[in-house]
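Data first, discussion second: the structure below is written as structure tokens.
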Amino acid sequence: MVKVNKTKFLPPYGVLTSMVLMYLLDKFFPVLAWENTQIIACILMFGSITGILYSAYLFYRNKTEIKPFEESSFLILTWPYTVSRNPIYLCMLIFLVAWMLFLQSVSSLMVIAVFAVWIHRRFVLQEEHILEEKFSDDYLAYKHRVRRWL
């Protein structure tokens, strides 16, 4: 059995914390500002939220657990899981990029990088071990077929 380090600080809290930090960095340490990026930001935000909600719906429809480190009863192999093994986390990153564009601030880019490393090391790697143990050859074949991020 894979040893899991559970946490109450789940990825959505990380997104919200990142958004606040990005806002504060933009406010107090502006490095460079873009202009006219809010329309692109809104499109990306809408798309990423839609991707998260659709992926969450797939968990609900297949009656499997969406919370990190909880035991899954079903391996979802349909779109968007045919493009990325982690579409929810990918959409969270896209949302943060959109938030950076909305703020029109490059200074918040470092927060996105820290979030990406945190989500990868704290959640993705552990979840992959759990899924390998639970679904063995099916998950290994899936892992071989589909990239982790894109």
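Letters for chains follow the order of the structure tokens (A, B, ...), residue numbers begin at 1 for each chain, and ligand numbers begin at 1 in the order shown.
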- For A:Ile112, work out the shell of residues within 9 Å, counting only C-alpha atoms and skipping chain neighbours fewer than 2 positions away, then give it as JSON, numbers by chain. {"A": [18, 22, 93, 96, 97, 100, 108, 109, 110, 114, 115, 116, 117]}
- Excluding stretch 42-58 of chain A and any residue of its chain fewer than 4 positions from it, enumerate the residues within 7 Å of it, using only C-alpha atoms, and give them as a list in words. Gln38, Asn62, Ile66, Ile88, Cys91, Met92, Ile94, Phe95 and Ala98 of chain A
